[in-house]
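Source file: upload02.csv. Holds: CSV, C-alpha atoms.
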chain,number,residue,atom,x,y,z
A,1,MET,CA,-22.6,-11.7,0.1
A,2,THR,CA,-24.4,-14.1,-2.3
A,3,ASN,CA,-23.7,-11.9,-5.3
A,4,LEU,CA,-20.0,-11.7,-4.4
A,5,ALA,CA,-19.8,-15.5,-4.0
A,6,GLU,CA,-21.4,-15.9,-7.5
A,7,ASP,CA,-19.0,-13.3,-8.9
A,8,LEU,CA,-16.1,-15.2,-7.4
A,9,ARG,CA,-17.2,-18.5,-9.0
A,10,GLN,CA,-17.7,-16.9,-12.4
A,11,ALA,CA,-14.3,-15.1,-12.2
A,12,ALA,CA,-12.6,-18.3,-11.2
A,13,ASP,CA,-14.1,-20.2,-14.1
A,14,ALA,CA,-13.1,-17.5,-16.6
A,15,VAL,CA,-9.5,-17.5,-15.3
A,16,ALA,CA,-9.3,-21.3,-15.4
A,17,LEU,CA,-10.3,-21.2,-19.1
A,18,LEU,CA,-7.2,-19.2,-19.9
A,19,GLY,CA,-5.0,-22.3,-19.5
A,20,SER,CA,-2.8,-24.0,-16.9
A,21,SER,CA,0.8,-23.3,-18.0
A,22,CYS,CA,3.1,-20.7,-19.3
A,23,ALA,CA,2.8,-22.3,-22.8
A,24,ASP,CA,-1.0,-22.0,-22.7
A,25,PHE,CA,-0.7,-18.3,-21.8
A,26,SER,CA,2.0,-17.6,-24.4
A,27,ALA,CA,-0.3,-19.0,-27.1
A,28,LEU,CA,-3.1,-16.5,-26.3
A,29,PRO,CA,-3.7,-13.7,-28.9
A,30,ASP,CA,-3.1,-10.1,-27.7
A,31,ALA,CA,-6.8,-9.4,-27.2
A,32,GLU,CA,-7.2,-12.5,-25.0
A,33,VAL,CA,-4.1,-11.6,-23.0
A,34,LEU,CA,-5.5,-8.1,-22.2
A,35,ALA,CA,-9.0,-9.6,-21.4
A,36,GLY,CA,-7.4,-12.3,-19.3
A,37,GLN,CA,-5.4,-9.8,-17.3
A,38,LYS,CA,-8.7,-8.0,-16.4
A,39,ARG,CA,-10.2,-11.3,-15.3
A,40,ILE,CA,-7.3,-12.1,-13.1
A,41,ALA,CA,-7.5,-8.6,-11.6
A,42,SER,CA,-11.2,-9.1,-10.9
A,43,ILE,CA,-10.7,-12.4,-9.1
A,44,ARG,CA,-7.8,-11.0,-7.1
A,45,ARG,CA,-10.0,-8.1,-6.0
A,46,LEU,CA,-12.7,-10.5,-4.9
A,47,VAL,CA,-10.4,-12.8,-3.1
A,48,ASP,CA,-8.8,-9.8,-1.3
A,49,THR,CA,-12.3,-8.8,-0.1
A,50,TYR,CA,-12.7,-12.2,1.4
A,51,ALA,CA,-9.2,-12.0,2.9
A,52,ALA,CA,-10.1,-8.7,4.5
A,53,TRP,CA,-13.2,-10.1,6.0
A,54,MET,CA,-11.2,-13.0,7.4
A,55,ALA,CA,-8.5,-10.7,8.8
A,56,ALA,CA,-11.2,-8.7,10.6
A,57,THR,CA,-12.6,-11.9,12.1
A,58,ILE,CA,-9.1,-13.0,13.3
A,59,ALA,CA,-8.4,-9.5,14.7
A,60,GLU,CA,-11.8,-9.5,16.5
A,61,ARG,CA,-11.1,-12.9,18.1
A,62,SER,CA,-7.5,-11.8,19.0
A,63,ARG,CA,-8.5,-8.6,20.9
A,64,PRO,CA,-5.9,-7.6,23.6
A,65,GLU,CA,-8.4,-7.9,26.4
A,66,LEU,CA,-8.9,-11.6,25.6
A,67,GLY,CA,-5.3,-12.2,26.7
A,68,HIS,CA,-4.0,-15.7,26.2
A,69,SER,CA,-7.5,-16.9,25.2
A,70,GLY,CA,-7.4,-14.8,22.0
A,71,LEU,CA,-7.2,-16.7,18.7
A,72,ALA,CA,-3.7,-15.4,17.8
A,73,ALA,CA,-2.3,-16.0,21.3
A,74,GLN,CA,-3.7,-19.5,21.3
A,75,GLN,CA,-1.8,-20.2,18.1
A,76,GLY,CA,1.4,-18.8,19.6
A,77,TYR,CA,1.4,-15.4,17.9
A,78,LEU,CA,1.7,-11.9,19.5
A,79,SER,CA,-0.8,-10.3,17.1
A,80,PRO,CA,-3.4,-11.1,14.5
A,81,GLU,CA,-1.1,-9.7,11.8
A,82,ALA,CA,1.6,-12.1,12.7
A,83,LEU,CA,-0.8,-15.0,12.5
A,84,ILE,CA,-2.1,-13.9,9.1
A,85,GLN,CA,1.4,-13.3,7.8
A,86,ASN,CA,2.5,-16.8,8.8
A,87,SER,CA,-0.6,-18.5,7.4
A,88,THR,CA,-0.5,-16.6,4.1
A,89,GLY,CA,3.2,-16.3,3.6
A,90,SER,CA,2.7,-12.6,2.9
A,91,SER,CA,4.6,-9.5,4.0
A,92,LYS,CA,4.0,-7.8,7.4
A,93,GLY,CA,2.7,-4.8,5.5
A,94,ASP,CA,0.1,-6.9,3.6
A,95,ALA,CA,-1.1,-8.5,6.8
A,96,TYR,CA,-1.5,-5.0,8.5
A,97,LYS,CA,-3.3,-3.8,5.4
A,98,LEU,CA,-5.8,-6.7,5.5
A,99,VAL,CA,-6.5,-6.1,9.2
A,100,ALA,CA,-6.9,-2.4,8.8
A,101,VAL,CA,-9.2,-2.6,5.8
A,102,GLY,CA,-11.1,-5.6,7.2
A,103,THR,CA,-11.7,-3.9,10.5
A,104,MET,CA,-12.8,-0.7,8.7
A,105,MET,CA,-15.3,-2.9,6.7
A,106,ALA,CA,-16.6,-4.6,9.8
A,107,ASP,CA,-17.1,-1.3,11.7
A,108,ALA,CA,-18.9,0.2,8.7
A,109,GLU,CA,-21.1,-2.9,8.3
A,110,ALA,CA,-22.1,-2.9,11.9
A,111,ALA,CA,-23.0,0.8,11.9
A,112,ASP,CA,-25.0,0.3,8.7
A,113,ARG,CA,-27.0,-2.5,10.3
A,114,LEU,CA,-27.8,-0.3,13.3
A,115,VAL,CA,-29.1,2.4,11.0
A,116,GLU,CA,-31.1,-0.1,9.0
A,117,ALA,CA,-32.7,-1.6,12.1
A,118,ALA,CA,-33.6,1.9,13.4
A,119,LEU,CA,-35.2,2.8,10.1
A,120,PHE,CA,-37.5,-0.2,10.2
A,121,SER,CA,-38.2,0.0,13.9
A,122,PRO,CA,-41.7,1.4,14.7
A,123,ASP,CA,-40.4,2.6,18.1
A,124,ARG,CA,-37.7,4.8,16.6
A,125,ASP,CA,-38.3,8.5,15.7
A,126,ALA,CA,-36.3,10.6,13.2
A,127,ALA,CA,-34.0,12.0,15.9
A,128,GLU,CA,-32.9,8.6,17.0
A,129,VAL,CA,-32.3,7.4,13.4
A,130,ALA,CA,-30.2,10.6,12.8
A,131,GLU,CA,-28.2,9.8,15.9
A,132,PHE,CA,-27.4,6.3,14.6
A,133,GLU,CA,-26.5,7.7,11.2
A,134,ALA,CA,-24.1,10.2,12.8
A,135,LYS,CA,-22.2,7.2,14.3
A,136,VAL,CA,-21.5,5.7,10.9
A,137,PRO,CA,-17.7,6.0,10.3
A,138,TRP,CA,-16.7,8.5,7.7
A,139,GLN,CA,-14.7,5.7,6.1
A,140,ALA,CA,-17.9,3.7,5.5
A,141,PRO,CA,-18.0,4.6,1.7
A,142,ILE,CA,-14.6,3.0,1.3
A,143,ALA,CA,-15.8,-0.2,2.9
A,144,ARG,CA,-18.9,-0.3,0.8
A,145,ALA,CA,-16.9,0.2,-2.4
A,146,VAL,CA,-14.7,-2.7,-1.5
A,147,THR,CA,-17.7,-4.9,-0.7
A,148,ALA,CA,-19.3,-3.8,-4.0
A,149,GLY,CA,-16.2,-4.8,-5.9
A,150,THR,CA,-15.5,-1.3,-7.3
A,151,LEU,CA,-12.5,-0.7,-5.1
A,152,SER,CA,-9.5,-3.0,-4.4
A,153,VAL,CA,-8.2,-3.6,-0.9
A,154,ASP,CA,-4.9,-1.9,-1.9
A,155,ALA,CA,-6.7,1.2,-3.1
A,156,ALA,CA,-8.9,1.2,0.1
A,157,GLU,CA,-5.8,1.2,2.3
A,158,ALA,CA,-4.2,3.9,0.2
A,159,ILE,CA,-7.3,6.1,0.7
A,160,ARG,CA,-7.4,5.3,4.4
A,161,ALA,CA,-3.8,6.1,4.9
A,162,GLY,CA,-3.7,9.0,2.6
A,163,LEU,CA,-6.6,10.9,4.0
A,164,GLY,CA,-5.5,10.2,7.6
A,165,GLN,CA,-7.5,10.6,10.8
A,166,ILE,CA,-9.9,13.1,12.3
A,167,ASP,CA,-8.2,15.9,14.2
A,168,ALA,CA,-9.0,19.4,15.5
A,169,ALA,CA,-8.5,20.9,12.0
A,170,VAL,CA,-9.9,18.2,9.8
A,171,THR,CA,-13.4,17.0,10.8
A,172,ALA,CA,-15.3,13.9,9.7
A,173,GLU,CA,-17.5,16.1,7.5
A,174,LYS,CA,-14.5,17.5,5.6
A,175,LEU,CA,-13.0,14.0,5.2
A,176,GLY,CA,-16.3,12.7,4.0
A,177,VAL,CA,-16.5,15.4,1.3
A,178,ALA,CA,-12.9,14.7,0.2
A,179,LEU,CA,-13.6,11.0,0.2
A,180,ALA,CA,-16.7,11.3,-2.0
A,181,ALA,CA,-14.7,13.2,-4.6
A,182,LEU,CA,-11.8,10.7,-4.4
A,183,LEU,CA,-14.0,7.7,-4.9
A,184,THR,CA,-15.3,9.1,-8.3
A,185,GLU,CA,-11.7,9.1,-9.5
A,186,ALA,CA,-10.4,5.9,-7.8
A,187,SER,CA,-11.6,3.4,-10.4
A,188,SER,CA,-9.2,5.0,-13.0
A,189,LEU,CA,-6.2,5.1,-10.7
A,190,ASN,CA,-3.8,2.5,-9.4
A,191,ALA,CA,-3.2,2.3,-5.6
A,192,ASP,CA,0.0,4.5,-5.7
A,193,GLN,CA,-1.9,7.2,-7.6
A,194,VAL,CA,-4.8,7.0,-5.2
A,195,PHE,CA,-2.5,7.5,-2.2
A,196,LYS,CA,-0.9,10.5,-3.8
A,197,GLN,CA,-4.3,12.1,-4.6
A,198,ALA,CA,-5.6,11.3,-1.1
A,199,ARG,CA,-2.5,12.8,0.5
A,200,ARG,CA,-2.9,16.0,-1.7
A,201,MET,CA,-6.5,16.2,-0.5
A,202,ARG,CA,-5.4,15.9,3.1
A,203,ASP,CA,-2.8,18.6,2.6
A,204,ARG,CA,-5.5,21.0,1.2
A,205,LEU,CA,-7.7,20.3,4.1
A,206,ASP,CA,-5.0,20.8,6.7
A,207,GLU,CA,-2.4,23.2,5.3
A,208,ALA,CA,-1.3,24.1,8.8
A,209,GLY,CA,-0.4,20.4,9.3
A,210,ILE,CA,1.8,20.1,6.3
A,211,ALA,CA,5.0,21.4,8.0
A,212,ALA,CA,4.4,19.1,11.0
A,213,ARG,CA,3.9,16.1,8.7
A,214,GLU,CA,7.0,17.0,6.7
A,215,LYS,CA,9.0,17.3,10.0
A,216,GLN,CA,7.7,14.0,11.2
A,217,ALA,CA,8.7,12.3,8.0
A,218,TYR,CA,12.2,13.9,8.2
A,219,ASP,CA,12.5,12.9,11.9
A,220,ASP,CA,11.5,9.3,11.0
A,221,ARG,CA,14.4,8.8,8.6
A,222,TYR,CA,17.1,6.2,9.3
A,223,LEU,CA,19.6,3.9,7.6
A,224,ARG,CA,20.6,0.7,9.3
A,225,VAL,CA,23.6,-1.3,8.1
A,226,TYR,CA,24.5,-4.6,9.7
A,227,ARG,CA,26.5,-7.7,9.0
A,228,LEU,CA,24.8,-11.1,8.7
A,229,GLY,CA,26.3,-14.4,10.0
A,230,ASN,CA,27.8,-15.3,6.7
A,231,GLY,CA,29.6,-12.0,6.3
A,232,THR,CA,27.3,-10.3,3.9
A,233,VAL,CA,25.9,-6.9,4.8
A,234,ARG,CA,22.3,-5.8,4.7
A,235,LEU,CA,20.9,-2.3,4.5
A,236,ASN,CA,17.5,-1.2,5.7
A,237,GLY,CA,16.4,2.4,5.5
A,238,LEU,CA,13.6,5.0,5.5
A,239,PHE,CA,13.9,8.4,3.8
A,240,ALA,CA,11.8,11.6,3.9
A,241,PRO,CA,9.8,12.1,0.7
A,242,GLU,CA,12.1,14.6,-0.9
A,243,ASP,CA,15.2,12.6,-0.2
A,244,GLY,CA,13.4,9.4,-1.1
A,245,GLU,CA,12.4,10.8,-4.5
A,246,PHE,CA,16.1,11.7,-5.1
A,247,VAL,CA,17.2,8.2,-4.2
A,248,LEU,CA,14.5,6.7,-6.5
A,249,SER,CA,15.3,9.0,-9.4
A,250,THR,CA,19.0,8.2,-9.1
A,251,PHE,CA,18.4,4.5,-9.2
A,252,ASP,CA,15.8,4.9,-11.9
A,253,SER,CA,18.4,6.7,-14.0
A,254,ILE,CA,21.0,4.0,-13.4
A,255,THR,CA,18.7,1.0,-14.1
A,256,GLY,CA,16.6,2.7,-16.7
A,257,PRO,CA,18.2,0.9,-19.7
A,258,ARG,CA,17.2,-2.4,-18.2
A,259,ARG,CA,13.6,-1.4,-17.6
A,260,GLY,CA,12.8,0.2,-20.9
A,261,GLY,CA,13.9,3.7,-20.0
A,262,VAL,CA,14.4,6.7,-22.3
A,263,ARG,CA,16.6,6.4,-25.4
A,264,PHE,CA,19.8,8.5,-25.4
A,265,VAL,CA,20.7,10.6,-28.4
A,266,ASP,CA,24.2,11.3,-27.0
A,267,ALA,CA,26.5,8.7,-28.4
A,268,GLU,CA,28.4,8.2,-25.1
A,269,ARG,CA,25.2,7.8,-23.1
A,270,ALA,CA,23.7,5.5,-25.7
A,271,ALA,CA,26.8,3.3,-25.5
A,272,TRP,CA,26.5,3.2,-21.7
A,273,ALA,CA,22.8,2.3,-22.0
A,274,LYS,CA,23.6,-0.6,-24.4
A,275,LYS,CA,26.3,-1.8,-22.0
A,276,MET,CA,23.8,-1.9,-19.2
A,277,GLN,CA,21.3,-3.8,-21.3
A,278,GLN,CA,23.9,-6.4,-22.2
A,279,SER,CA,25.4,-6.8,-18.8
A,280,PRO,CA,25.1,-10.3,-17.3
A,281,ARG,CA,24.2,-8.8,-14.0
A,282,SER,CA,20.6,-8.6,-12.8
A,283,THR,CA,19.0,-5.2,-12.4
A,284,GLU,CA,19.2,-5.5,-8.6
A,285,GLN,CA,22.9,-6.4,-8.9
A,286,ILE,CA,23.5,-3.3,-11.0
A,287,ALA,CA,21.7,-1.2,-8.4
A,288,ALA,CA,23.8,-2.7,-5.6
A,289,ASP,CA,27.1,-2.2,-7.5
A,290,SER,CA,26.1,1.4,-8.3
A,291,LEU,CA,25.4,2.2,-4.7
A,292,VAL,CA,28.9,0.9,-3.7
A,293,GLN,CA,30.4,3.0,-6.5
A,294,LEU,CA,28.6,6.1,-5.4
A,295,LEU,CA,29.7,5.6,-1.8
A,296,LYS,CA,33.3,5.2,-3.0
A,297,ILE,CA,33.0,8.5,-4.9
A,298,ALA,CA,31.5,10.2,-1.9
A,299,GLY,CA,34.3,8.8,0.3
A,300,GLU,CA,36.8,10.7,-1.8
A,301,VAL,CA,35.0,14.1,-1.1
A,302,ASP,CA,36.2,16.3,1.7
A,303,PRO,CA,33.8,15.3,4.5
A,304,ALA,CA,33.9,18.8,6.0
A,305,GLY,CA,32.1,20.1,3.0
A,306,SER,CA,29.9,17.1,2.2
A,307,SER,CA,27.0,17.8,4.6
A,308,ALA,CA,25.6,20.3,7.0
A,309,ASP,CA,26.9,18.3,9.9
A,310,ALA,CA,30.6,17.9,9.1
A,311,ALA,CA,32.0,14.5,9.8
A,312,PRO,CA,35.0,14.4,12.2
A,313,ARG,CA,38.4,13.9,10.7
A,314,CYS,CA,40.4,10.9,11.7
A,315,ALA,CA,43.5,11.6,13.7

Give the structure from this file in structure tokens form.
Amino acid sequence: MTNLAEDLRQAADAVALLGSSCADFSALPDAEVLAGQKRIASIRRLVDTYAAWMAATIAERSRPELGHSGLAAQQGYLSPEALIQNSTGSSKGDAYKLVAVGTMMADAEAADRLVEAALFSPDRDAAEVAEFEAKVPWQAPIARAVTAGTLSVDAAEAIRAGLGQIDAAVTAEKLGVALAALLTEASSLNADQVFKQARRMRDRLDEAGIAAREKQAYDDRYLRVYRLGNGTVRLNGLFAPEDGEFVLSTFDSITGPRRGGVRFVDAERAAWAKKMQQSPRSTEQIAADSLVQLLKIAGEVDPAGSSADAAPRCA
């Protein structure tokens, strides 16, 4: 704790020296920009560790069995995540992530303390120590890595979610072995890459469960379309991985010229890309317009042949 506190002070001082305005940052040489980005990443990792600890504390003091006397309930919130989201201005997903990682860290820390106390107790024998060690959560190395500053909270949640939970086919021992291998790679990967690698490891451990997980992801799909009070329409959806990748690749292709995508050799495609780059619309507006255009094109297709479940024809 003391080392982390000192690391946080030093990181804050280093970031403060970079400047205090866009003009200050724009004047930095390339080498200092790259070094400064690393300093900012370092301080964010440290602050997120503190945020996870605080989230765990709030969750502990808001346990369901405490009822209306729980901390979140006292402040008028249904859950600790809602309290955290309101106080930080973050997304619901970020609040859940902080609670999940913070709780994992608190559980691992408590288990480690019990093992340490048993090791130094003259009244404990080897069998009792082993019993305490067996109760240490398999996720404990994730928590220790976050506390040590070698793993971000985002990456920790990616590993936790990617590897999943213990079940009949995947034991704590198997997950522990996979976790040890993953942690050796995690420092060179971003959170998205860590999640994909963790999910691949889980699939290798539980090949029989792949079909069930794919079916669940497919069953969870939805698209909600609703009109807001001012007449505008909002979409909210969730797609299975395969369909989701198709959606992402389609919009990546459409908006690629605005995001530094590939260069086109074909003259017609190159002209289209230049038009997209020079468009006064934002990238998000281009994506929205493209979706409407795609729906218009799809609407002209015979609905009886457009999907496995043919749409009924209007009378």

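With distances taken from (-9.0, -5.5, -1.0) and restricted to only C-alpha atoms, the residues inside 9 Å are A:Arg44, A:Arg45, A:Leu46, A:Val47, A:Asp48, A:Thr49, A:Tyr50, A:Ala51, A:Ala52, A:Lys97, A:Leu98, A:Val101, A:Gly102, A:Val146, A:Thr147, A:Gly149, A:Leu151, A:Ser152, A:Val153, A:Asp154, A:Ala155, A:Ala156, A:Glu157.
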
Next on the checklist: Need the shell around Asp219 of chain A: protein/DNA/RNA residues with any atom at most 10 Å away, counting all atoms listed in the file. Skip same-chain ones fewer than 5 positions apart. Format as a PyMOL selection string?
Outcome noted: chain A and resi 213-214+239-240

Next on the checklist: Show me the residues around (-13.4, 5.2, -2.4) - criterion: an atom at most 12 Å away, all atoms listed in the file counted - as JSON, numbers by chain.
Outcome noted: {"A": [138, 139, 140, 141, 142, 143, 144, 145, 146, 147, 148, 149, 150, 151, 152, 153, 154, 155, 156, 157, 158, 159, 160, 162, 163, 175, 176, 177, 178, 179, 180, 181, 182, 183, 184, 185, 186, 187, 188, 189, 191, 194, 195, 197, 198]}

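The interatomic distance for the pair atom CA of Thr103 of chain A and atom CA of Lys135 of chain A works out to 15.7 Å.
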
Any idea what's packed within 12 Å of Gln75 of chain A, counting all atoms listed in the file, ignoring anything in its chain fewer than 5 positions away? Could you give it as a compact mmCIF listing (two decimals) with C-alpha atoms, keeping the file's coordinate frame?
# COMPACT_ATOMS: atom_id res chain seq x y z
CA ILE A 58 -9.10 -13.00 13.30
CA ARG A 61 -11.10 -12.90 18.10
CA SER A 62 -7.50 -11.80 19.00
CA HIS A 68 -4.00 -15.70 26.20
CA SER A 69 -7.50 -16.90 25.20
CA GLY A 70 -7.40 -14.80 22.00
CA PRO A 80 -3.40 -11.10 14.50
CA ALA A 82 1.60 -12.10 12.70
CA LEU A 83 -0.80 -15.00 12.50
CA ILE A 84 -2.10 -13.90 9.10
CA ASN A 86 2.50 -16.80 8.80
CA SER A 87 -0.60 -18.50 7.40

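With atom CA of Ser20 of chain A on one side and atom CA of Ser90 of chain A on the other, the separation reads 23.5 Å.
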
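Nearest to Ala56 of chain A of all the residues A:Ala23, A:Ala267, A:Val301, A:Ala95 is A:Ala95, based on all atoms listed in the file.
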
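Our summary of the geometry notes that atom CA of Gln165 of chain A is positioned 22.8 Å from atom CA of Ser79 of chain A.
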
Your completed segment 286-303 of chain A with N, CA, C and O atoms, as an mmCIF file, in the coordinates of the input:
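part_24.cif, freshly written:
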data_model
loop_
_atom_site.group_PDB
_atom_site.id
_atom_site.type_symbol
_atom_site.label_atom_id
_atom_site.label_comp_id
_atom_site.auth_asym_id
_atom_site.auth_seq_id
_atom_site.Cartn_x
_atom_site.Cartn_y
_atom_site.Cartn_z
ATOM 1 N N ILE A 286 23.043 -4.580 -10.516
ATOM 2 C CA ILE A 286 23.500 -3.300 -11.000
ATOM 3 C C ILE A 286 23.277 -2.190 -10.031
ATOM 4 O O ILE A 286 24.139 -1.337 -9.783
ATOM 5 N N ALA A 287 22.085 -2.208 -9.426
ATOM 6 C CA ALA A 287 21.700 -1.200 -8.400
ATOM 7 C C ALA A 287 22.685 -1.287 -7.231
ATOM 8 O O ALA A 287 23.170 -0.266 -6.713
ATOM 9 N N ALA A 288 22.957 -2.508 -6.770
ATOM 10 C CA ALA A 288 23.800 -2.700 -5.600
ATOM 11 C C ALA A 288 25.264 -2.231 -5.951
ATOM 12 O O ALA A 288 25.902 -1.529 -5.155
ATOM 13 N N ASP A 289 25.776 -2.601 -7.120
ATOM 14 C CA ASP A 289 27.100 -2.200 -7.500
ATOM 15 C C ASP A 289 27.207 -0.662 -7.650
ATOM 16 O O ASP A 289 28.221 -0.048 -7.299
ATOM 17 N N SER A 290 26.139 -0.055 -8.167
ATOM 18 C CA SER A 290 26.100 1.400 -8.300
ATOM 19 C C SER A 290 26.152 2.121 -7.007
ATOM 20 O O SER A 290 26.806 3.156 -6.857
ATOM 21 N N LEU A 291 25.436 1.579 -6.012
ATOM 22 C CA LEU A 291 25.400 2.200 -4.700
ATOM 23 C C LEU A 291 26.847 2.165 -4.097
ATOM 24 O O LEU A 291 27.322 3.166 -3.544
ATOM 25 N N VAL A 292 27.530 1.036 -4.221
ATOM 26 C CA VAL A 292 28.900 0.900 -3.700
ATOM 27 C C VAL A 292 29.801 1.939 -4.421
ATOM 28 O O VAL A 292 30.629 2.611 -3.795
ATOM 29 N N GLN A 293 29.625 2.066 -5.745
ATOM 30 C CA GLN A 293 30.400 3.000 -6.500
ATOM 31 C C GLN A 293 30.184 4.448 -6.063
ATOM 32 O O GLN A 293 31.111 5.254 -5.917
ATOM 33 N N LEU A 294 28.906 4.767 -5.848
ATOM 34 C CA LEU A 294 28.600 6.100 -5.400
ATOM 35 C C LEU A 294 29.176 6.400 -4.014
ATOM 36 O O LEU A 294 29.643 7.509 -3.742
ATOM 37 N N LEU A 295 29.155 5.384 -3.116
ATOM 38 C CA LEU A 295 29.700 5.600 -1.800
ATOM 39 C C LEU A 295 31.265 5.740 -1.885
ATOM 40 O O LEU A 295 31.860 6.518 -1.130
ATOM 41 N N LYS A 296 31.893 5.039 -2.823
ATOM 42 C CA LYS A 296 33.300 5.200 -3.000
ATOM 43 C C LYS A 296 33.653 6.616 -3.482
ATOM 44 O O LYS A 296 34.609 7.239 -3.024
ATOM 45 N N ILE A 297 32.841 7.125 -4.412
ATOM 46 C CA ILE A 297 33.000 8.500 -4.900
ATOM 47 C C ILE A 297 32.842 9.488 -3.774
ATOM 48 O O ILE A 297 33.627 10.426 -3.593
ATOM 49 N N ALA A 298 31.775 9.268 -2.993
ATOM 50 C CA ALA A 298 31.500 10.200 -1.900
ATOM 51 C C ALA A 298 32.596 10.127 -0.842
ATOM 52 O O ALA A 298 32.911 11.148 -0.200
ATOM 53 N N GLY A 299 33.221 8.975 -0.654
ATOM 54 C CA GLY A 299 34.300 8.800 0.300
ATOM 55 C C GLY A 299 35.531 9.625 -0.028
ATOM 56 O O GLY A 299 36.359 9.909 0.843
ATOM 57 N N GLU A 300 35.669 9.977 -1.319
ATOM 58 C CA GLU A 300 36.800 10.700 -1.800
ATOM 59 C C GLU A 300 36.607 12.250 -1.607
ATOM 60 O O GLU A 300 37.512 13.044 -1.816
ATOM 61 N N VAL A 301 35.361 12.644 -1.262
ATOM 62 C CA VAL A 301 35.000 14.100 -1.100
ATOM 63 C C VAL A 301 35.448 14.501 0.305
ATOM 64 O O VAL A 301 35.336 13.746 1.275
ATOM 65 N N ASP A 302 35.872 15.754 0.428
ATOM 66 C CA ASP A 302 36.200 16.300 1.700
ATOM 67 C C ASP A 302 35.007 16.240 2.642
ATOM 68 O O ASP A 302 34.007 16.905 2.386
ATOM 69 N N PRO A 303 35.016 15.426 3.691
ATOM 70 C CA PRO A 303 33.800 15.300 4.500
ATOM 71 C C PRO A 303 33.373 16.555 5.194
ATOM 72 O O PRO A 303 32.208 16.720 5.518
#
